[in-house]
Structure formats: structure tokens, C-alpha cells
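Below is protein21.cif, holding mmCIF, C-alpha atoms.
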data_target
loop_
_atom_site.group_PDB
_atom_site.id
_atom_site.type_symbol
_atom_site.label_atom_id
_atom_site.label_comp_id
_atom_site.auth_asym_id
_atom_site.auth_seq_id
_atom_site.Cartn_x
_atom_site.Cartn_y
_atom_site.Cartn_z
ATOM 1 C CA MET O 1 -44.767 28.842 20.676
ATOM 2 C CA ARG O 2 -41.527 27.172 19.580
ATOM 3 C CA THR O 3 -41.337 25.139 16.405
ATOM 4 C CA ALA O 4 -38.914 22.229 16.224
ATOM 5 C CA VAL O 5 -36.449 22.370 13.313
ATOM 6 C CA HIS O 6 -35.212 19.064 11.997
ATOM 7 C CA LEU O 7 -31.956 19.215 10.067
ATOM 8 C CA THR O 8 -30.878 16.453 7.741
ATOM 9 C CA HIS O 9 -27.264 15.271 7.846
ATOM 10 C CA LEU O 10 -26.639 17.291 4.658
ATOM 11 C CA ASP O 11 -28.086 20.404 6.332
ATOM 12 C CA GLU O 12 -25.686 19.930 9.248
ATOM 13 C CA LEU O 13 -22.664 19.374 6.981
ATOM 14 C CA GLU O 14 -23.614 22.421 4.916
ATOM 15 C CA ALA O 15 -23.992 24.624 8.006
ATOM 16 C CA GLU O 16 -20.600 23.513 9.335
ATOM 17 C CA ALA O 17 -18.892 24.211 5.993
ATOM 18 C CA ILE O 18 -20.470 27.666 5.651
ATOM 19 C CA HIS O 19 -19.362 28.498 9.206
ATOM 20 C CA ILE O 20 -15.795 27.432 8.331
ATOM 21 C CA MET O 21 -15.727 29.570 5.186
ATOM 22 C CA ARG O 22 -16.909 32.608 7.104
ATOM 23 C CA GLU O 23 -14.251 31.947 9.756
ATOM 24 C CA VAL O 24 -11.586 31.953 7.018
ATOM 25 C CA ALA O 25 -12.864 35.262 5.658
ATOM 26 C CA ALA O 26 -12.880 36.754 9.164
ATOM 27 C CA GLU O 27 -9.516 35.451 10.418
ATOM 28 C CA LEU O 28 -7.189 35.421 7.399
ATOM 29 C CA GLU O 29 -6.021 38.389 5.329
ATOM 30 C CA ARG O 30 -5.526 36.893 1.849
ATOM 31 C CA PRO O 31 -7.291 33.556 1.392
ATOM 32 C CA VAL O 32 -7.840 31.798 -1.926
ATOM 33 C CA LEU O 33 -10.230 29.010 -2.901
ATOM 34 C CA LEU O 34 -8.741 26.132 -4.901
ATOM 35 C CA PHE O 35 -11.022 25.320 -7.832
ATOM 36 C CA SER O 36 -10.106 22.535 -10.251
ATOM 37 C CA GLY O 37 -13.500 21.915 -11.858
ATOM 38 C CA GLY O 38 -13.846 18.690 -9.860
ATOM 39 C CA LYS O 39 -16.951 17.747 -7.888
ATOM 40 C CA ASP O 40 -15.530 18.637 -4.453
ATOM 41 C CA SER O 41 -14.479 22.121 -5.490
ATOM 42 C CA ILE O 42 -17.810 22.588 -7.276
ATOM 43 C CA VAL O 43 -19.470 21.902 -3.933
ATOM 44 C CA LEU O 44 -17.138 24.495 -2.366
ATOM 45 C CA LEU O 45 -18.338 27.076 -4.873
ATOM 46 C CA ARG O 46 -21.951 26.346 -3.954
ATOM 47 C CA LEU O 47 -21.118 26.697 -0.262
ATOM 48 C CA ALA O 48 -19.304 29.984 -0.948
ATOM 49 C CA GLU O 49 -22.389 31.272 -2.748
ATOM 50 C CA LYS O 50 -24.506 30.457 0.301
ATOM 51 C CA ALA O 51 -21.936 31.985 2.648
ATOM 52 C CA PHE O 52 -21.328 35.282 0.836
ATOM 53 C CA ARG O 53 -23.939 36.095 -1.818
ATOM 54 C CA PRO O 54 -25.295 38.558 -2.854
ATOM 55 C CA GLY O 55 -21.793 40.024 -2.446
ATOM 56 C CA ARG O 56 -18.621 38.935 -4.237
ATOM 57 C CA PHE O 57 -16.577 36.122 -2.733
ATOM 58 C CA PRO O 58 -13.992 37.579 -0.297
ATOM 59 C CA PHE O 59 -11.281 35.606 -2.109
ATOM 60 C CA PRO O 60 -10.289 34.732 -5.685
ATOM 61 C CA LEU O 61 -10.311 31.211 -7.113
ATOM 62 C CA MET O 62 -7.123 29.407 -8.112
ATOM 63 C CA HIS O 63 -6.425 26.341 -10.238
ATOM 64 C CA VAL O 64 -3.033 24.674 -10.449
ATOM 65 C CA ASP O 65 -3.220 23.558 -14.079
ATOM 66 C CA THR O 66 -0.850 20.767 -15.090
ATOM 67 C CA GLY O 67 -1.584 21.327 -18.777
ATOM 68 C CA HIS O 68 -2.576 17.652 -18.880
ATOM 69 C CA ASN O 69 -6.037 18.031 -17.410
ATOM 70 C CA PHE O 70 -9.126 16.676 -19.141
ATOM 71 C CA PRO O 71 -10.328 19.187 -21.791
ATOM 72 C CA GLU O 72 -13.941 18.714 -20.671
ATOM 73 C CA VAL O 73 -12.991 19.853 -17.176
ATOM 74 C CA ILE O 74 -11.045 22.915 -18.321
ATOM 75 C CA GLU O 75 -13.974 23.997 -20.494
ATOM 76 C CA PHE O 76 -16.320 23.578 -17.528
ATOM 77 C CA ARG O 77 -13.924 25.459 -15.195
ATOM 78 C CA ASP O 78 -13.762 28.530 -17.389
ATOM 79 C CA ARG O 79 -17.491 28.575 -18.109
ATOM 80 C CA ARG O 80 -18.450 28.217 -14.411
ATOM 81 C CA VAL O 81 -16.075 30.989 -13.326
ATOM 82 C CA ALA O 82 -17.542 33.300 -15.993
ATOM 83 C CA GLU O 83 -21.082 32.498 -14.793
ATOM 84 C CA LEU O 84 -20.127 33.364 -11.226
ATOM 85 C CA GLY O 85 -18.336 36.550 -12.228
ATOM 86 C CA GLU O 86 -15.418 35.753 -9.941
ATOM 87 C CA ARG O 87 -11.667 36.062 -10.549
ATOM 88 C CA LEU O 88 -9.655 32.948 -11.436
ATOM 89 C CA VAL O 89 -5.894 32.688 -10.963
ATOM 90 C CA VAL O 90 -4.384 29.916 -13.100
ATOM 91 C CA ALA O 91 -1.041 28.661 -11.792
ATOM 92 C CA SER O 92 0.582 26.803 -14.691
ATOM 93 C CA VAL O 93 2.854 23.780 -14.300
ATOM 94 C CA GLN O 94 3.989 24.322 -17.912
ATOM 95 C CA GLU O 95 5.228 27.802 -16.936
ATOM 96 C CA SER O 96 7.106 26.264 -13.981
ATOM 97 C CA ILE O 97 8.777 23.852 -16.425
ATOM 98 C CA ASP O 98 9.614 26.665 -18.867
ATOM 99 C CA ARG O 99 11.174 28.736 -16.066
ATOM 100 C CA GLY O 100 13.282 25.811 -14.878
ATOM 101 C CA ARG O 101 11.543 25.589 -11.526
ATOM 102 C CA VAL O 102 10.742 21.898 -12.084
ATOM 103 C CA VAL O 103 11.963 19.193 -14.452
ATOM 104 C CA GLU O 104 9.415 17.289 -16.488
ATOM 105 C CA GLN O 105 9.539 13.502 -16.350
ATOM 106 C CA THR O 106 9.722 11.423 -19.531
ATOM 107 C CA GLY O 107 8.557 7.943 -20.521
ATOM 108 C CA PRO O 108 5.279 6.021 -20.257
ATOM 109 C CA ARG O 109 4.961 6.630 -16.517
ATOM 110 C CA ALA O 110 5.814 10.318 -16.636
ATOM 111 C CA SER O 111 3.415 12.509 -14.694
ATOM 112 C CA ARG O 112 3.118 16.177 -13.896
ATOM 113 C CA ASN O 113 1.124 15.479 -10.755
ATOM 114 C CA GLN O 114 3.977 15.918 -8.278
ATOM 115 C CA LEU O 115 5.219 19.001 -10.116
ATOM 116 C CA GLN O 116 2.093 20.799 -8.939
ATOM 117 C CA THR O 117 3.593 21.269 -5.467
ATOM 118 C CA THR O 118 6.228 23.776 -6.639
ATOM 119 C CA THR O 119 3.698 25.584 -8.836
ATOM 120 C CA LEU O 120 1.233 25.822 -5.952
ATOM 121 C CA LEU O 121 3.807 27.125 -3.448
ATOM 122 C CA ASP O 122 5.192 29.636 -5.975
ATOM 123 C CA ALA O 123 1.676 30.955 -6.659
ATOM 124 C CA MET O 124 0.901 31.201 -2.941
ATOM 125 C CA ALA O 125 4.066 33.275 -2.459
ATOM 126 C CA GLU O 126 3.567 35.418 -5.584
ATOM 127 C CA HIS O 127 0.058 36.449 -4.552
ATOM 128 C CA ALA O 128 0.856 36.476 -0.802
ATOM 129 C CA PHE O 129 -2.020 34.094 -0.093
ATOM 130 C CA ASP O 130 -2.071 33.052 3.551
ATOM 131 C CA ALA O 131 -4.844 30.458 3.361
ATOM 132 C CA ALA O 132 -5.889 27.987 0.670
ATOM 133 C CA ILE O 133 -9.406 26.568 0.924
ATOM 134 C CA GLY O 134 -9.502 23.071 -0.550
ATOM 135 C CA GLY O 135 -12.000 20.287 -1.129
ATOM 136 C CA ALA O 136 -10.076 17.422 0.511
ATOM 137 C CA ARG O 137 -12.081 15.000 2.643
ATOM 138 C CA ARG O 138 -10.978 12.719 5.474
ATOM 139 C CA ASP O 139 -12.553 9.652 3.869
ATOM 140 C CA GLU O 140 -10.365 9.908 0.762
ATOM 141 C CA GLU O 141 -7.041 8.724 2.085
ATOM 142 C CA ARG O 142 -5.251 8.095 5.412
ATOM 143 C CA SER O 143 -3.013 11.185 5.489
ATOM 144 C CA ARG O 144 -6.003 13.406 4.756
ATOM 145 C CA ALA O 145 -7.669 11.849 7.790
ATOM 146 C CA LYS O 146 -4.861 13.341 9.897
ATOM 147 C CA GLU O 147 -5.492 16.890 8.714
ATOM 148 C CA ARG O 148 -7.227 19.410 10.921
ATOM 149 C CA ILE O 149 -9.933 21.646 9.413
ATOM 150 C CA PHE O 150 -7.442 24.527 9.694
ATOM 151 C CA SER O 151 -4.229 22.709 8.784
ATOM 152 C CA PHE O 152 -1.093 24.682 9.571
ATOM 153 C CA ARG O 153 1.832 25.061 7.109
ATOM 154 C CA ASP O 154 5.235 26.534 7.971
ATOM 155 C CA ASP O 155 7.174 29.273 6.163
ATOM 156 C CA PHE O 156 8.066 26.791 3.408
ATOM 157 C CA GLY O 157 4.501 25.559 2.933
ATOM 158 C CA GLN O 158 5.364 22.255 4.584
ATOM 159 C CA TRP O 159 3.071 20.149 6.764
ATOM 160 C CA ASP O 160 4.095 18.306 9.928
ATOM 161 C CA PRO O 161 1.314 15.940 11.085
ATOM 162 C CA ARG O 162 2.805 15.903 14.606
ATOM 163 C CA ALA O 163 2.617 19.675 14.937
ATOM 164 C CA GLN O 164 -1.045 20.315 14.247
ATOM 165 C CA ARG O 165 -3.095 22.572 16.456
ATOM 166 C CA PRO O 166 -5.925 21.125 18.541
ATOM 167 C CA GLU O 167 -9.451 21.909 17.342
ATOM 168 C CA LEU O 168 -11.996 21.695 20.121
ATOM 169 C CA TRP O 169 -15.640 21.719 19.125
ATOM 170 C CA SER O 170 -16.007 24.353 16.372
ATOM 171 C CA LEU O 171 -13.192 26.654 17.499
ATOM 172 C CA TYR O 172 -10.629 27.203 14.733
ATOM 173 C CA ASN O 173 -7.252 28.865 15.138
ATOM 174 C CA GLY O 174 -6.254 30.947 12.118
ATOM 175 C CA LYS O 175 -3.504 32.890 13.851
ATOM 176 C CA ILE O 176 -0.292 32.749 11.831
ATOM 177 C CA ARG O 177 2.894 34.718 11.443
ATOM 178 C CA LYS O 178 3.868 36.422 8.193
ATOM 179 C CA GLY O 179 5.043 33.762 5.719
ATOM 180 C CA GLU O 180 3.108 30.931 7.329
ATOM 181 C CA GLN O 181 -0.066 29.506 5.767
ATOM 182 C CA VAL O 182 -3.053 27.381 6.557
ATOM 183 C CA ARG O 183 -4.904 24.958 4.325
ATOM 184 C CA VAL O 184 -8.595 24.893 5.179
ATOM 185 C CA PHE O 185 -10.927 21.984 4.412
ATOM 186 C CA PRO O 186 -14.615 22.911 4.905
ATOM 187 C CA ILE O 187 -15.887 19.531 3.654
ATOM 188 C CA SER O 188 -13.330 17.422 5.520
ATOM 189 C CA ASN O 189 -16.116 15.628 7.408
ATOM 190 C CA TRP O 190 -18.060 14.753 4.236
ATOM 191 C CA THR O 191 -17.919 11.406 2.459
ATOM 192 C CA GLU O 192 -17.926 10.849 -1.286
ATOM 193 C CA LEU O 193 -21.566 9.792 -1.003
ATOM 194 C CA ASP O 194 -22.388 13.001 0.908
ATOM 195 C CA VAL O 195 -20.868 15.020 -1.938
ATOM 196 C CA TRP O 196 -22.920 13.230 -4.574
ATOM 197 C CA GLN O 197 -26.108 13.514 -2.532
ATOM 198 C CA TYR O 198 -25.441 17.248 -2.104
ATOM 199 C CA VAL O 199 -24.786 17.630 -5.842
ATOM 200 C CA ALA O 200 -28.147 15.966 -6.458
ATOM 201 C CA ARG O 201 -29.976 18.058 -3.840
ATOM 202 C CA GLU O 202 -28.556 21.356 -5.119
ATOM 203 C CA ARG O 203 -28.841 20.267 -8.780
ATOM 204 C CA LEU O 204 -25.230 21.238 -9.429
ATOM 205 C CA GLU O 205 -23.817 20.891 -12.914
ATOM 206 C CA LEU O 206 -20.663 18.761 -13.255
ATOM 207 C CA PRO O 207 -18.203 18.120 -16.100
ATOM 208 C CA SER O 208 -19.616 15.487 -18.444
ATOM 209 C CA ILE O 209 -16.898 12.918 -17.729
ATOM 210 C CA TYR O 210 -18.377 12.238 -14.274
ATOM 211 C CA TYR O 211 -21.153 10.379 -16.104
ATOM 212 C CA ALA O 212 -20.836 7.178 -18.111
ATOM 213 C CA HIS O 213 -19.805 7.616 -21.731
ATOM 214 C CA GLU O 214 -18.066 5.536 -24.368
ATOM 215 C CA ARG O 215 -14.383 6.396 -24.620
ATOM 216 C CA GLU O 216 -11.080 5.085 -25.939
ATOM 217 C CA VAL O 217 -9.061 3.768 -22.995
ATOM 218 C CA PHE O 218 -6.136 1.461 -22.269
ATOM 219 C CA GLU O 219 -5.391 -0.706 -19.238
ATOM 220 C CA ARG O 220 -2.329 -0.408 -16.998
ATOM 221 C CA ASP O 221 -1.846 -2.021 -13.577
ATOM 222 C CA GLY O 222 -5.531 -2.905 -13.445
ATOM 223 C CA MET O 223 -6.608 0.704 -14.062
ATOM 224 C CA LEU O 224 -8.265 2.209 -17.134
ATOM 225 C CA TYR O 225 -6.648 5.390 -18.478
ATOM 226 C CA ALA O 226 -8.013 7.705 -21.131
ATOM 227 C CA ALA O 227 -6.056 7.299 -24.370
ATOM 228 C CA SER O 228 -4.562 10.724 -25.150
ATOM 229 C CA ASP O 229 -1.528 12.499 -26.558
ATOM 230 C CA VAL O 230 -0.241 13.397 -23.084
ATOM 231 C CA VAL O 231 0.235 9.824 -21.830
ATOM 232 C CA GLU O 232 2.827 7.643 -23.590
ATOM 233 C CA ARG O 233 1.825 3.969 -23.870
ATOM 234 C CA TYR O 234 3.884 0.767 -23.849
ATOM 235 C CA GLU O 235 3.621 -1.335 -27.036
ATOM 236 C CA HIS O 236 1.333 -3.904 -25.421
ATOM 237 C CA GLU O 237 -1.111 -1.203 -24.187
ATOM 238 C CA VAL O 238 -3.573 -1.268 -27.056
ATOM 239 C CA PRO O 239 -6.488 1.208 -26.779
ATOM 240 C CA PHE O 240 -10.037 -0.068 -26.909
ATOM 241 C CA ARG O 241 -13.478 1.469 -26.499
ATOM 242 C CA GLU O 242 -15.309 1.042 -23.202
ATOM 243 C CA TRP O 243 -18.192 2.591 -21.260
ATOM 244 C CA VAL O 244 -16.577 4.437 -18.352
ATOM 245 C CA ARG O 245 -16.940 7.380 -16.047
ATOM 246 C CA PHE O 246 -14.509 9.179 -13.716
ATOM 247 C CA ARG O 247 -14.806 9.399 -9.929
ATOM 248 C CA THR O 248 -12.021 12.024 -9.769
ATOM 249 C CA VAL O 249 -10.827 14.406 -12.493
ATOM 250 C CA GLY O 250 -7.141 15.094 -11.833
ATOM 251 C CA ASP O 251 -4.148 14.995 -14.167
ATOM 252 C CA MET O 252 -4.727 12.557 -17.053
ATOM 253 C CA SER O 253 -1.432 10.772 -16.392
ATOM 254 C CA CYS O 254 -2.529 9.459 -13.000
ATOM 255 C CA THR O 255 -6.335 9.443 -13.073
ATOM 256 C CA GLY O 256 -8.167 6.248 -13.915
ATOM 257 C CA ALA O 257 -11.728 5.619 -15.033
ATOM 258 C CA VAL O 258 -14.171 2.990 -13.811
ATOM 259 C CA ARG O 259 -16.432 0.827 -15.956
ATOM 260 C CA SER O 260 -19.939 2.186 -15.571
ATOM 261 C CA ARG O 261 -23.316 2.654 -17.226
ATOM 262 C CA ALA O 262 -24.419 5.370 -14.777
ATOM 263 C CA THR O 263 -25.514 8.230 -17.021
ATOM 264 C CA SER O 264 -27.634 10.168 -14.502
ATOM 265 C CA LEU O 265 -27.171 11.647 -11.022
ATOM 266 C CA HIS O 266 -29.584 9.102 -9.574
ATOM 267 C CA GLU O 267 -27.600 6.207 -11.073
ATOM 268 C CA VAL O 268 -24.242 7.601 -9.925
ATOM 269 C CA VAL O 269 -25.503 8.065 -6.343
ATOM 270 C CA ALA O 270 -26.755 4.453 -6.340
ATOM 271 C CA GLU O 271 -23.407 3.261 -7.722
ATOM 272 C CA ILE O 272 -21.404 5.141 -5.065
ATOM 273 C CA ALA O 273 -23.694 3.868 -2.292
ATOM 274 C CA SER O 274 -22.943 0.267 -3.249
ATOM 275 C CA THR O 275 -19.186 0.467 -3.848
ATOM 276 C CA ARG O 276 -16.680 -0.735 -1.253
ATOM 277 C CA VAL O 277 -13.572 0.786 -2.875
ATOM 278 C CA THR O 278 -12.537 4.372 -2.171
ATOM 279 C CA GLU O 279 -12.332 6.745 -5.115
ATOM 280 C CA ARG O 280 -8.612 7.370 -4.731
ATOM 281 C CA GLY O 281 -7.894 3.693 -4.151
ATOM 282 C CA GLU O 282 -9.724 2.788 -7.342
ATOM 283 C CA THR O 283 -8.749 5.637 -9.651
ATOM 284 C CA ARG O 284 -5.534 7.430 -8.572
ATOM 285 C CA ALA O 285 -2.210 5.905 -9.610
ATOM 286 C CA ASP O 286 -0.219 8.527 -7.661
ATOM 287 C CA ASP O 287 -1.518 7.103 -4.374
ATOM 288 C CA ARG O 288 -0.291 3.613 -5.266
ATOM 289 C CA ALA O 289 3.408 4.516 -5.312
ATOM 290 C CA SER O 290 3.700 3.635 -1.614
ATOM 291 C CA GLU O 291 1.519 3.435 1.493
ATOM 292 C CA ALA O 292 2.686 6.930 2.502
ATOM 293 C CA ALA O 293 2.668 8.466 -0.996
ATOM 294 C CA MET O 294 0.123 11.175 -0.226
ATOM 295 C CA GLU O 295 1.608 11.990 3.184
ATOM 296 C CA ASP O 296 5.072 12.354 1.658
ATOM 297 C CA ARG O 297 3.700 14.786 -0.921
ATOM 298 C CA LYS O 298 1.762 16.751 1.667
ATOM 299 C CA ARG O 299 4.827 17.134 3.891
ATOM 300 C CA VAL O 300 6.582 19.113 1.145
ATOM 301 C CA GLY O 301 3.599 21.292 0.348
ATOM 302 C CA TYR O 302 1.138 19.342 -1.820
ATOM 303 C CA PHE O 303 -2.579 20.146 -1.573
#
Take the structure in this file and express it as C-alpha cells.
Amino acid sequence: MRTAVHLTHLDELEAEAIHIMREVAAELERPVLLFSGGKDSIVLLRLAEKAFRPGRFPFPLMHVDTGHNFPEVIEFRDRRVAELGERLVVASVQESIDRGRVVEQTGPRASRNQLQTTTLLDAMAEHAFDAAIGGARRDEERSRAKERIFSFRDDFGQWDPRAQRPELWSLYNGKIRKGEQVRVFPISNWTELDVWQYVARERLELPSIYYAHEREVFERDGMLYAASDVVERYEHEVPFREWVRFRTVGDMSCTGAVRSRATSLHEVVAEIASTRVTERGETRADDRASEAAMEDRKRVGYF
């Protein structure tokens, strides 16, 4: 007697992502999982646990740390890695600056965000990683919608959107030559709401700044930034206290907050379900530089 099994849409997304992670482990020699402490990479960790436990992950974790990340996120990153008992590689933008590999910008609009590309590519080469598993999703931004699940990079870590390999059904091509890389996106088909619903279903802990809290902020170009020592302000940018939360948790110089009173998972999920503005459109200054800002960065090796 056969029993029908009904999968929810989250079950199907989870199964696809676990399959992709196992394909990476089977096809590539030295993969690494990018873990920033953000919600998407936290979901990746949960998926890796389901794919590979009770054994160790078949890859280390890596964070490209700008040195200007939110302290709450760095504390969470280190604590979560210790709980998992996995190895974390920290690729430091500050070290890239100190070694003269990149030049730090100055002034109120200075950001270390773009400097991450050199640090990432240097770390990939230093550790001979041939695949980087990331938490990018197609719904975030138009250039990410062009990415394949297994997204090919050349010998210089560069991406050409016109030279991507076809992916038919669930067949992924991880064949590369020495020096080439792939970026792999197991949750590419997820939406922001899917991620939050999965966080709620799996009861995953997140850094506290994802929930509404009172904080000192200032406004620039219609976006609220956390007041901090790492972001220089213009004279007219006077800090004030506001109830906010963060939809993304990148570098402090380019990550904005949203006004919110959502202090629980249930309230955040309801808030995301009702919004009509994408998270990167609402909270990432680096994507506002031009219509092709993200694609330009990805072409030279960005995440």
C-alpha cells in the first residue's frame, strides 16, 4: 500500500538545496562555504547540517570581513561557528589594505564594500578553493537573476553572463580546469519571504539587529544608517534615535536600516509578506550607484 507524501514549498526548496550541496561536495575538490553571519548564510549552515551531519562539513567556512561589519553580527558569527565545531577562515580587508593590495577610500561616502573583491579572490587563491558556496538569491537583484546555480568563473575569478553553462533540470556541471572556479548558490530559487519562513520553521537564531530595536541613526539619500565611528558624516547629518531593524547585515558604510516595530519572528515574517520593496533596493547603498552596479562588481569577481 503506497502512502502519498505531500511536500510543502519549503520542503521542496530545502530538498533542492541539500541536493546542490551534496553535488558540490561530490564534484569539486576544495569547496568553501561563505558565512557572513547574515540570514541567508545562516540558512546555508542549517542546510549543510541536514546534508552532512553527523559528520563534519566537507568544506570550511569563510567570511570576508571588511572590519566595518556590525559588532553584533561578528559576535554571532564566532559563537555560531564554535557551536558547530567547524573551521572558519577569516579573509580580512584590513590586511589587504595593510599589504597594499587595495587602497582605502576616504570621506563621508568611503566604503570598504568594493574592496572585498580583491580580498575574496586572494583568499580563494591562497587556499586553492575551487568553489564558493554563497547565499545569493535571484529575487535580490537583476544580475543575480542571471546567475546559474553553478556559476562559472574564469582563471581570474571573473564572471561573464554571456558565457554561462546551460543547466537542464537538476543536472549541474562542476567540471573546471585548474585555476578556474565556480560560485554555487543553493538557495538561488528562494525569496526573502521563503528565507524568513524557513528561519521560523527551523527556529534558527539570528543576530539581534534583524529585529526592531532603538538605535542612533542618521539619514542620507532617504536611507537610515547606523551612527558609528566607521562612517564619517556630513555636518547636516545629525544622529537621532529611532526604532529600526536591518533586512541585510553587510558593511556598515553601505547598509541601511528600515523603520520597524517587528520584534519577533512572527512580526518580521508579516512585515516581509506585506512589503513591495526588495531588501537590496531598500537597504543597500552600493546597489544604487548605477543600474548595473552589482553586475559590474560581479564581472570582476565580487560575490
In the coordinate frame of the file, compute which residues have an atom within 12 Å of (-9.6, 28.4, -4.8) when using only C-alpha atoms, and state them as a ChimeraX atom specification.
/O:21,30-38,40-45,48,57-64,77,81,86-91,120,123-124,129,131-135,183-185,303
Would you output that residue set with C-alpha atoms, as a PDB file, keeping the file's coordinate frame?
ATOM      1  CA  MET O  21     -15.727  29.570   5.186  1.00  0.00           C
ATOM      2  CA  ARG O  30      -5.526  36.893   1.849  1.00  0.00           C
ATOM      3  CA  PRO O  31      -7.291  33.556   1.392  1.00  0.00           C
ATOM      4  CA  VAL O  32      -7.840  31.798  -1.926  1.00  0.00           C
ATOM      5  CA  LEU O  33     -10.230  29.010  -2.901  1.00  0.00           C
ATOM      6  CA  LEU O  34      -8.741  26.132  -4.901  1.00  0.00           C
ATOM      7  CA  PHE O  35     -11.022  25.320  -7.832  1.00  0.00           C
ATOM      8  CA  SER O  36     -10.106  22.535 -10.251  1.00  0.00           C
ATOM      9  CA  GLY O  37     -13.500  21.915 -11.858  1.00  0.00           C
ATOM     10  CA  GLY O  38     -13.846  18.690  -9.860  1.00  0.00           C
ATOM     11  CA  ASP O  40     -15.530  18.637  -4.453  1.00  0.00           C
ATOM     12  CA  SER O  41     -14.479  22.121  -5.490  1.00  0.00           C
ATOM     13  CA  ILE O  42     -17.810  22.588  -7.276  1.00  0.00           C
ATOM     14  CA  VAL O  43     -19.470  21.902  -3.933  1.00  0.00           C
ATOM     15  CA  LEU O  44     -17.138  24.495  -2.366  1.00  0.00           C
ATOM     16  CA  LEU O  45     -18.338  27.076  -4.873  1.00  0.00           C
ATOM     17  CA  ALA O  48     -19.304  29.984  -0.948  1.00  0.00           C
ATOM     18  CA  PHE O  57     -16.577  36.122  -2.733  1.00  0.00           C
ATOM     19  CA  PRO O  58     -13.992  37.579  -0.297  1.00  0.00           C
ATOM     20  CA  PHE O  59     -11.281  35.606  -2.109  1.00  0.00           C
ATOM     21  CA  PRO O  60     -10.289  34.732  -5.685  1.00  0.00           C
ATOM     22  CA  LEU O  61     -10.311  31.211  -7.113  1.00  0.00           C
ATOM     23  CA  MET O  62      -7.123  29.407  -8.112  1.00  0.00           C
ATOM     24  CA  HIS O  63      -6.425  26.341 -10.238  1.00  0.00           C
ATOM     25  CA  VAL O  64      -3.033  24.674 -10.449  1.00  0.00           C
ATOM     26  CA  ARG O  77     -13.924  25.459 -15.195  1.00  0.00           C
ATOM     27  CA  VAL O  81     -16.075  30.989 -13.326  1.00  0.00           C
ATOM     28  CA  GLU O  86     -15.418  35.753  -9.941  1.00  0.00           C
ATOM     29  CA  ARG O  87     -11.667  36.062 -10.549  1.00  0.00           C
ATOM     30  CA  LEU O  88      -9.655  32.948 -11.436  1.00  0.00           C
ATOM     31  CA  VAL O  89      -5.894  32.688 -10.963  1.00  0.00           C
ATOM     32  CA  VAL O  90      -4.384  29.916 -13.100  1.00  0.00           C
ATOM     33  CA  ALA O  91      -1.041  28.661 -11.792  1.00  0.00           C
ATOM     34  CA  LEU O 120       1.233  25.822  -5.952  1.00  0.00           C
ATOM     35  CA  ALA O 123       1.676  30.955  -6.659  1.00  0.00           C
ATOM     36  CA  MET O 124       0.901  31.201  -2.941  1.00  0.00           C
ATOM     37  CA  PHE O 129      -2.020  34.094  -0.093  1.00  0.00           C
ATOM     38  CA  ALA O 131      -4.844  30.458   3.361  1.00  0.00           C
ATOM     39  CA  ALA O 132      -5.889  27.987   0.670  1.00  0.00           C
ATOM     40  CA  ILE O 133      -9.406  26.568   0.924  1.00  0.00           C
ATOM     41  CA  GLY O 134      -9.502  23.071  -0.550  1.00  0.00           C
ATOM     42  CA  GLY O 135     -12.000  20.287  -1.129  1.00  0.00           C
ATOM     43  CA  ARG O 183      -4.904  24.958   4.325  1.00  0.00           C
ATOM     44  CA  VAL O 184      -8.595  24.893   5.179  1.00  0.00           C
ATOM     45  CA  PHE O 185     -10.927  21.984   4.412  1.00  0.00           C
ATOM     46  CA  PHE O 303      -2.579  20.146  -1.573  1.00  0.00           C
TER      47      PHE O 303
END
One decimal, Å: what's the distance from CA of Phe76 in chain O over to CA of Val268 in chain O, could you say?
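One can read the CA of Phe76 in chain O to CA of Val268 in chain O distance as 19.4 Å.
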Could you tell me how far CA of Thr118 in chain O lies from CA of Ser96 in chain O, in Å and to one decimal?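 According to the coordinates, CA of Thr118 in chain O and CA of Ser96 in chain O are separated by 7.8 Å.
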Each range 81-107 of chain O residue no farther than 12 Å from range 230-248 of chain O, nearest pair in Å, all atoms listed in the file, as a tab-separated table:
residue	atom	partner	partner_atom	distance
O:Gln105	CA	O:Val231	CA	11.4
O:Thr106	CA	O:Glu232	CA	8.8
O:Gly107	CA	O:Glu232	CA	6.5
Next item on the list: Convert the output of the PyMOL selection byres ((chain O and resi 155) around 7) on the shown file into explicit residues, formatted as JSON, numbers by chain.
Entry: {"O": [153, 154, 156, 157, 179, 180]}
